[in-house]
>>> print(open('entry01.txt').read())   # compact mmCIF, C-alpha atoms
# COMPACT_ATOMS: atom_id res chain seq x y z
CA MET A 1 -0.16 15.88 -3.36
CA LYS A 2 -1.00 15.94 -6.97
CA LYS A 3 0.94 18.42 -8.97
CA VAL A 4 -0.91 18.55 -12.17
CA ILE A 5 -0.07 21.79 -13.81
CA LEU A 6 -1.99 22.73 -16.88
CA SER A 7 -1.76 26.27 -18.01
CA ALA A 8 -4.02 27.12 -20.84
CA ALA A 9 -3.29 30.77 -20.28
CA MET A 10 0.35 30.14 -20.97
CA MET A 11 -0.35 28.44 -24.23
CA PHE A 12 0.24 31.53 -26.25
CA ALA A 13 3.52 32.15 -24.48
CA ALA A 14 4.45 28.55 -25.11
CA PHE A 15 3.58 29.09 -28.72
CA LEU A 16 5.98 31.97 -28.90
CA THR A 17 8.79 29.87 -27.54
CA GLN A 18 8.03 26.51 -29.01
CA ALA A 19 6.53 27.10 -32.37
CA ALA A 20 8.90 26.39 -35.16
CA VAL A 21 7.90 28.31 -38.22
CA GLY A 22 8.76 27.03 -41.63
CA LYS A 23 10.41 23.81 -40.52
CA GLN A 24 9.42 20.31 -41.33
CA MET A 25 8.90 18.07 -38.34
CA ASP A 26 12.12 16.45 -37.25
CA GLU A 27 12.31 13.14 -35.55
CA VAL A 28 13.54 13.51 -32.00
CA LYS A 29 16.98 12.03 -31.90
CA LEU A 30 17.42 9.70 -29.00
CA LYS A 31 20.56 9.83 -26.99
CA PRO A 32 22.40 6.66 -26.02
CA GLY A 33 20.63 4.82 -23.27
CA GLU A 34 17.28 6.33 -23.91
CA GLU A 35 14.46 3.99 -24.45
CA LYS A 36 11.93 4.80 -27.09
CA VAL A 37 9.29 2.34 -26.05
CA SER A 38 7.00 3.26 -28.86
CA THR A 39 6.04 6.03 -31.15
CA VAL A 40 2.54 6.42 -32.39
CA CYS A 41 0.86 8.82 -34.69
CA TRP A 42 -2.56 9.85 -33.58
CA GLY A 43 -5.13 12.48 -34.13
CA ASP A 44 -6.19 13.90 -37.43
CA GLU A 45 -4.23 13.66 -40.59
CA ALA A 46 -6.43 15.81 -42.71
CA SER A 47 -6.30 16.15 -46.43
CA PRO A 48 -2.83 17.05 -47.62
CA VAL A 49 -2.17 20.66 -48.30
CA LYS A 50 -0.92 21.06 -51.79
CA GLU A 51 0.95 24.25 -51.21
CA ALA A 52 1.74 24.41 -47.53
CA LEU A 53 3.62 27.60 -46.85
CA CYS A 54 3.93 27.36 -43.15
CA THR A 55 4.65 24.52 -40.74
CA ILE A 56 4.23 24.85 -37.01
CA THR A 57 5.37 22.36 -34.38
CA MET A 58 4.23 22.50 -30.80
CA LYS A 59 5.38 20.20 -28.07
CA GLY A 60 4.15 19.22 -24.65
CA ARG A 61 5.67 17.01 -21.99
CA ILE A 62 4.35 14.63 -19.38
CA ASP A 63 7.10 14.52 -16.79
CA LEU A 64 7.21 11.65 -14.33
CA GLY A 65 10.82 12.19 -13.34
CA PRO A 66 12.77 9.18 -14.59
CA ILE A 67 10.32 8.68 -17.45
CA GLU A 68 8.87 11.21 -19.83
CA ALA A 69 6.31 11.31 -22.61
CA GLU A 70 6.67 13.95 -25.27
CA VAL A 71 3.73 14.97 -27.42
CA SER A 72 4.25 16.98 -30.55
CA CYS A 73 1.79 18.39 -33.03
CA THR A 74 3.05 19.53 -36.39
CA THR A 75 0.67 21.35 -38.66
CA SER A 76 1.20 22.61 -42.17
CA ALA A 77 -1.11 25.12 -43.76
CA THR A 78 -1.19 27.79 -46.36
CA THR A 79 -0.97 30.44 -43.69
CA CYS A 80 0.98 30.47 -40.43
CA GLU A 81 -2.09 31.64 -38.60
CA ALA A 82 -4.08 28.60 -39.66
CA ALA A 83 -1.20 26.28 -38.89
CA THR A 84 -0.71 27.82 -35.47
CA VAL A 85 -4.34 27.59 -34.51
CA SER A 86 -4.48 24.00 -35.62
CA ALA A 87 -1.29 23.07 -33.77
CA ILE A 88 -2.50 24.74 -30.58
CA ASN A 89 -5.82 22.95 -30.79
CA CYS A 90 -4.09 19.68 -31.44
CA LEU A 91 -1.81 20.00 -28.44
CA SER A 92 -4.61 21.27 -26.26
CA ALA A 93 -6.64 18.18 -27.14
CA ALA A 94 -3.65 16.02 -26.32
CA ILE A 95 -3.12 17.58 -22.92
CA LYS A 96 -6.81 17.26 -22.13
CA ALA A 97 -6.67 13.61 -23.09
CA VAL A 98 -3.76 13.01 -20.76
CA ARG A 99 -5.58 14.85 -18.04
CA THR A 100 -8.49 12.45 -18.26
CA VAL A 101 -6.07 9.58 -17.71
CA ILE A 102 -4.48 11.00 -14.59
CA MET A 103 -7.59 12.43 -12.97
CA MET B 1 32.14 -8.25 39.09
CA LYS B 2 34.32 -5.42 37.77
CA ILE B 3 35.27 -7.49 34.78
CA TYR B 4 31.62 -8.24 34.13
CA LEU B 5 30.74 -4.53 34.27
CA LEU B 6 33.61 -3.70 31.96
CA ILE B 7 32.44 -6.26 29.44
CA CYS B 8 28.91 -4.93 29.65
CA SER B 9 30.15 -1.36 29.15
CA VAL B 10 32.19 -2.31 26.11
CA ALA B 11 29.26 -4.22 24.68
CA MET B 12 26.94 -1.27 25.23
CA LEU B 13 29.46 1.09 23.67
CA GLY B 14 29.62 -1.18 20.67
CA PHE B 15 25.83 -1.17 20.45
CA VAL B 16 25.73 2.61 20.59
CA ASN B 17 28.37 2.85 17.88
CA ALA B 18 26.37 0.45 15.73
CA GLN B 19 23.46 2.89 15.81
CA ILE B 20 25.48 5.77 14.44
CA THR B 21 23.88 6.99 11.26
CA THR B 22 25.65 9.30 8.88
CA MET B 23 24.00 11.46 6.28
CA PHE B 24 26.12 12.33 3.27
CA VAL B 25 24.77 15.37 1.49
CA TYR B 26 25.14 15.85 -2.24
CA GLU B 27 24.19 18.63 -4.59
CA GLY B 28 23.69 18.44 -8.29
CA LYS B 29 21.35 18.55 -11.22
CA PHE B 30 19.05 16.42 -13.31
CA ASN B 31 17.83 17.06 -16.82
CA SER B 32 14.40 15.49 -17.06
CA SER B 33 14.56 15.66 -20.85
CA PHE B 34 17.69 13.50 -20.78
CA GLY B 35 19.60 15.64 -23.25
CA ARG B 36 16.88 16.21 -25.85
CA ALA B 37 16.26 19.62 -24.34
CA ASP B 38 17.50 21.60 -21.40
CA ASN B 39 15.19 20.89 -18.51
CA PHE B 40 17.83 21.04 -15.83
CA ARG B 41 16.80 21.41 -12.23
CA GLN B 42 18.98 21.64 -9.18
CA PHE B 43 18.70 18.89 -6.60
CA LYS B 44 19.92 18.12 -3.12
CA GLY B 45 20.71 14.46 -2.59
CA THR B 46 21.05 12.69 0.71
CA LEU B 47 22.56 9.29 1.33
CA VAL B 48 21.78 8.16 4.86
CA VAL B 49 23.96 5.25 5.89
CA SER B 50 23.26 3.13 8.95
CA GLY B 51 25.31 -0.02 9.19
CA ASP B 52 24.72 -2.12 6.11
CA ARG B 53 21.64 -0.17 5.13
CA SER B 54 21.26 3.10 3.32
CA LEU B 55 18.64 5.35 1.80
CA PHE B 56 19.31 7.74 -1.04
CA THR B 57 16.89 10.32 -2.30
CA MET B 58 17.07 13.67 -4.04
CA LYS B 59 14.76 16.62 -3.78
CA GLU B 60 14.53 19.63 -6.00
CA ILE B 61 16.04 22.85 -4.71
CA GLY B 62 13.83 25.92 -5.00
CA VAL B 63 10.65 26.40 -6.99
CA HIS B 64 9.40 23.78 -9.43
CA LEU B 65 9.73 25.67 -12.69
CA ALA B 66 7.33 23.32 -14.45
CA ALA B 67 4.55 24.96 -12.51
CA VAL B 68 4.71 28.00 -14.76
CA GLN B 69 5.26 26.29 -18.07
CA GLY B 70 2.45 25.72 -20.49
CA ASN B 71 1.79 22.48 -22.36
CA ASN B 72 3.53 20.47 -19.70
CA ILE B 73 2.12 18.12 -17.15
CA ASP B 74 4.36 17.80 -14.16
CA LEU B 75 3.74 14.57 -12.28
CA ARG B 76 7.15 14.29 -10.70
CA PRO B 77 7.14 13.07 -7.13
CA ASP B 78 8.73 15.26 -4.49
CA SER B 79 11.64 12.85 -4.25
CA LEU B 80 13.43 11.32 -7.20
CA PHE B 81 15.87 8.44 -7.52
CA THR B 82 14.90 7.10 -4.10
CA VAL B 83 16.77 3.87 -3.40
CA PHE B 84 17.00 1.72 -0.28
CA LYS B 85 19.93 -0.68 -0.07
CA ASP B 86 20.67 -3.47 2.35
CA VAL B 87 24.09 -4.96 1.74
CA GLU B 88 23.63 -7.70 4.32
CA SER B 89 20.65 -9.20 2.52
CA ASN B 90 21.98 -8.18 -0.90
CA SER B 91 18.81 -6.19 -1.55
CA LEU B 92 17.96 -2.98 -3.34
CA LEU B 93 14.55 -1.34 -3.53
CA PHE B 94 13.67 1.69 -5.58
CA GLU B 95 10.61 3.91 -5.71
CA PHE B 96 8.51 4.71 -8.71
CA SER B 97 5.59 7.12 -8.82
CA ASP B 98 2.87 6.34 -11.37
CA LEU B 99 0.46 8.58 -13.28
CA ASN B 100 -1.74 8.88 -10.22
CA GLN B 101 1.30 9.67 -8.11
CA ARG B 102 1.01 6.48 -6.15
CA THR B 103 4.41 5.29 -5.03
CA HIS B 104 5.47 1.74 -5.77
CA LEU B 105 8.53 -0.16 -4.62
CA PHE B 106 10.44 -2.48 -6.92
CA ALA B 107 13.50 -4.59 -6.32
CA ASP B 108 16.63 -4.46 -8.40
CA THR B 109 20.04 -6.10 -8.35
CA LEU B 110 22.41 -4.63 -5.80
CA PHE B 111 25.56 -3.26 -7.39
CA PRO B 112 25.63 -5.21 -10.67
CA MET B 113 27.95 -2.62 -12.20
CA ASP B 114 31.17 -3.80 -13.74
CA TRP B 115 33.40 -0.90 -12.71
CA LYS B 116 36.60 -0.08 -14.52
CA THR B 117 38.86 1.67 -12.05
CA SER B 118 41.81 3.88 -12.90
CA GLU B 119 44.60 5.65 -11.08
CA GLU B 120 43.21 9.06 -11.94
CA GLN B 121 42.83 11.09 -8.76
CA ARG B 122 41.17 14.24 -7.59
CA SER B 123 40.06 15.74 -4.33
CA ILE B 124 36.40 16.29 -3.47
CA GLY B 125 35.77 18.32 -0.35
CA GLY B 126 39.38 17.71 0.64
CA ILE B 127 38.93 13.95 0.39
CA PRO B 128 41.15 12.10 -2.10
CA CYS B 129 39.15 10.19 -4.66
CA LEU B 130 39.80 7.73 -7.46
CA LYS B 131 37.95 7.46 -10.74
CA ALA B 132 35.86 4.55 -11.97
CA VAL B 133 33.55 4.18 -14.95
CA THR B 134 30.81 1.77 -15.83
CA GLN B 135 27.85 1.10 -18.10
CA PHE B 136 24.53 0.63 -16.38
CA LYS B 137 21.09 0.21 -17.90
CA GLY B 138 22.01 1.91 -21.15
CA ARG B 139 24.09 4.78 -19.83
CA GLY B 140 27.72 5.36 -19.08
CA TYR B 141 28.55 6.62 -15.60
CA THR B 142 31.64 8.05 -13.99
CA ALA B 143 32.16 7.78 -10.25
CA TRP B 144 34.74 9.36 -8.00
CA TYR B 145 35.06 7.29 -4.86
CA ALA B 146 36.95 7.79 -1.61
CA PRO B 147 38.98 4.74 -0.58
CA THR B 148 39.37 6.31 2.86
CA ILE B 149 35.60 6.07 3.46
CA THR B 150 35.11 2.34 3.42
CA ILE B 151 31.44 2.36 2.55
CA PRO B 152 30.75 0.60 -0.76
CA ASP B 153 27.78 2.81 -1.53
CA GLY B 154 26.85 5.89 -3.49
CA PRO B 155 24.06 8.02 -4.91
CA TRP B 156 21.03 6.31 -6.47
CA LYS B 157 21.71 2.69 -7.45
CA LEU B 158 25.42 3.20 -7.84
CA GLY B 159 27.89 1.50 -5.53
CA GLY B 160 30.02 -1.57 -5.11
CA LEU B 161 33.34 0.28 -5.21
CA PRO B 162 35.97 0.04 -2.44
CA GLY B 163 34.92 3.39 -1.05
CA LEU B 164 32.01 5.79 -0.92
CA ILE B 165 31.14 7.49 -4.20
CA LEU B 166 31.46 11.23 -3.61
CA GLU B 167 30.69 12.31 -7.14
CA ALA B 168 28.79 10.60 -9.92
CA TYR B 169 27.48 11.63 -13.30
CA ASP B 170 26.39 10.11 -16.58
CA ASP B 171 28.37 10.50 -19.80
CA GLU B 172 26.19 13.34 -21.05
CA ASP B 173 26.03 15.08 -17.70
CA ASN B 174 22.26 14.97 -17.51
CA TRP B 175 22.47 13.72 -13.94
CA HIS B 176 25.23 14.88 -11.63
CA MET B 177 25.66 14.51 -7.87
CA THR B 178 28.58 15.88 -5.89
CA PHE B 179 29.26 15.40 -2.18
CA VAL B 180 29.18 18.63 -0.18
CA SER B 181 29.00 17.68 3.49
CA LYS B 182 28.18 15.02 6.03
CA GLN B 183 26.57 14.93 9.43
CA GLU B 184 25.45 12.46 12.02
CA VAL B 185 21.70 12.00 12.26
CA GLN B 186 19.27 10.02 14.38
CA GLY B 187 18.75 7.25 11.89
CA PHE B 188 16.08 6.86 9.28
CA ASP B 189 12.78 5.11 8.99
CA GLN B 190 13.47 1.72 7.49
CA ASP B 191 10.21 0.02 8.42
CA HIS B 192 8.50 0.82 5.13
CA PHE B 193 11.30 -0.77 3.15
CA LEU B 194 11.91 -3.70 5.49
CA ALA B 195 8.22 -4.55 5.42
CA ALA B 196 8.27 -4.49 1.62
CA MET B 197 11.34 -6.73 1.59
CA LYS B 198 9.70 -9.16 3.97
CA LYS B 199 6.50 -9.19 1.96
CA GLY B 200 8.37 -9.70 -1.27
CA THR B 201 8.81 -7.06 -3.93
CA GLU B 202 8.58 -7.47 -7.67
CA GLY B 203 11.75 -6.92 -9.64
CA PHE B 204 12.86 -4.71 -12.51
CA PRO B 205 10.85 -6.58 -15.17
CA ALA B 206 7.69 -5.71 -13.26
CA PHE B 207 8.78 -2.08 -13.17
CA ALA B 208 9.37 -2.14 -16.92
CA ALA B 209 5.94 -3.69 -17.42
CA GLN B 210 4.32 -0.95 -15.37
CA VAL B 211 6.08 1.77 -17.33
CA LYS B 212 4.92 0.21 -20.58
CA LYS B 213 1.41 0.01 -19.20
CA ILE B 214 1.49 3.73 -18.44
CA PHE B 215 2.67 4.46 -21.94
CA SER B 216 -0.11 2.29 -23.34
CA ARG B 217 -2.70 4.21 -21.34
CA LEU B 218 -1.38 7.49 -22.68
CA GLU B 219 -1.32 6.17 -26.22
CA ALA B 220 -4.88 4.98 -25.90
CA ALA B 221 -6.05 8.29 -24.48
CA LEU B 222 -4.38 10.28 -27.22
CA GLY B 223 -5.48 7.88 -29.91
CA ALA B 224 -9.08 8.59 -29.01
CA GLN B 225 -8.62 12.27 -29.69
CA SER B 226 -9.20 14.04 -32.93
CA SER B 227 -7.74 17.37 -33.78
CA ALA B 228 -9.74 17.98 -36.91
CA ASN B 229 -10.24 21.68 -36.91
CA CYS B 230 -8.79 23.04 -40.06
CA VAL B 231 -9.78 21.89 -43.50
CA ASP B 232 -6.74 23.47 -45.09
CA CYS B 233 -4.31 21.95 -42.65
CA GLN B 234 -2.28 18.80 -42.45
CA THR B 235 -1.57 17.74 -38.93
CA LYS B 236 0.76 15.07 -37.70
CA SER B 237 0.82 14.24 -34.04
CA VAL B 238 3.37 12.05 -32.38
CA ILE B 239 3.92 10.82 -28.86
CA LYS B 240 7.30 9.50 -27.85
CA PHE B 241 8.39 7.91 -24.63
CA HIS B 242 11.69 8.13 -22.89
CA SER B 243 13.10 6.41 -19.86
CA TRP B 244 16.19 7.20 -17.85
CA GLU B 245 16.95 3.52 -17.46
CA LYS B 246 16.86 1.27 -20.45
CA ILE B 247 13.88 -1.00 -20.22
CA ASP B 248 13.69 -4.08 -22.42
>>> encode(input="entry01.txt", output="structure tokens")
Amino acid sequence: MKKVILSAAMMFAAFLTQAAVGKQMDEVKLKPGEEKVSTVCWGDEASPVKEALCTITMKGRIDLGPIEAEVSCTTSATTCEAATVSAINCLSAAIKAVRTVIM
Amino acid sequence: MKIYLLICSVAMLGFVNAQITTMFVYEGKFNSSFGRADNFRQFKGTLVVSGDRSLFTMKEIGVHLAAVQGNNIDLRPDSLFTVFKDVESNSLLFEFSDLNQRTHLFADTLFPMDWKTSEEQRSIGGIPCLKAVTQFKGRGYTAWYAPTITIPDGPWKLGGLPGLILEAYDDEDNWHMTFVSKQEVQGFDQDHFLAAMKKGTEGFPAFAAQVKKIFSRLEAALGAQSSANCVDCQTKSVIKFHSWEKID
């Protein structure tokens, strides 16, 4: 039985718990034995913000048990509201994209 | 005639004994983020041993928490770390569930671990155990095995020690299984695995290739997306892949 759980309604709650305000995006540090098969940047890298005041990172996971894919969207903007909206949209697009692959 | 009957009885008794199947029950945890975050879930593991063959699997205890988390796609199969071993034919098969949750069987080397044993002792469930450590597919593992249970097996792919492994965990304690009880059962369905062995099963390199193919599909899907929605924003999106076992 497929257990595809997508909860758009929980996105705001996820934002509350996962958003990292005011931090630059950190590379995920791999632990010994972990295999980083590849890392790709995708999506939009819009025009640089000259005076970004707020940076938001949102993460999503695709959990297959012994393997996992982690998607993160980090957005900088002059306001936290703009950064948050952009990060949410980015991650939402990512999850939708994954959904098309597994459906 | 009496001697003949006696021989037949002994032979039948031996046959009956050969059919005895024991299920060793473990409890423990698995962190599906492998230490990058706390995504621990509790699992019940079972190692069913029948002669030279065994089947290990672990199932989550309780509710799947991922079901109520946003931004996560939970494609975990109901059973994780499922491994069938046949010591007689020196075979090991393990299950892998793909993006469409189709289960595939792959072969791997039976007990390739180079164990370093020590005299360190402790008791698990009242059974004296000795400590051994090894490196396997990119991770360090500790095993506590019972020399009094002369089954060279253990949870998941671990085994090859002079006694059953009653407790095993990786160096960072992201996966941990501890023996809690045992019971005799009616055997287990081996046909699925035996048929796969007979047919011929691809090995670990094929598994690694399939994992990489899945990652490629995800990359391609995400690469086709655009998140342009804010002219004053700068967005950087990254996808990273992680595997419990090191794949070359």
>>> closest_residue(input="entry01.txt", among="B:Leu130, B:Ile151, B:Ile73, B:Ala195", to="chain A", atoms="only C-alpha atoms")
B:Ile73
>>> atom_distance(input="entry01.txt", atom1="atom CA of Thr57 of chain B", atom2="atom CA of Thr117 of chain B")
25.5 Å
>>> residues_near_point(input="entry01.txt", point="(0.5, 7.5, -11.4)", cutoff="10 Å", atoms="all atoms listed in the file", output="MDAnalysis selection string")
(chainID A and resid 2 64 101:103) or (chainID B and resid 75:77 96:104 211 214)
>>> closest_residue(input="entry01.txt", among="B:Ser216, B:Gln135, B:Arg36, B:Gln183", to="Tyr169 of chain B", atoms="only C-alpha atoms")
B:Gln135
>>> closest_residue(input="entry01.txt", among="B:Leu80, B:Val25, B:Cys129, B:Leu93", to="chain A", atoms="all atoms listed in the file")
B:Leu80
>>> residues_around(input="entry01.txt", residues="Pro162 of chain B", least_positions_apart="3", cutoff="7 Å", atoms="only C-alpha atoms", output="list in words")
Pro147, Thr150 and Pro152 of chain B
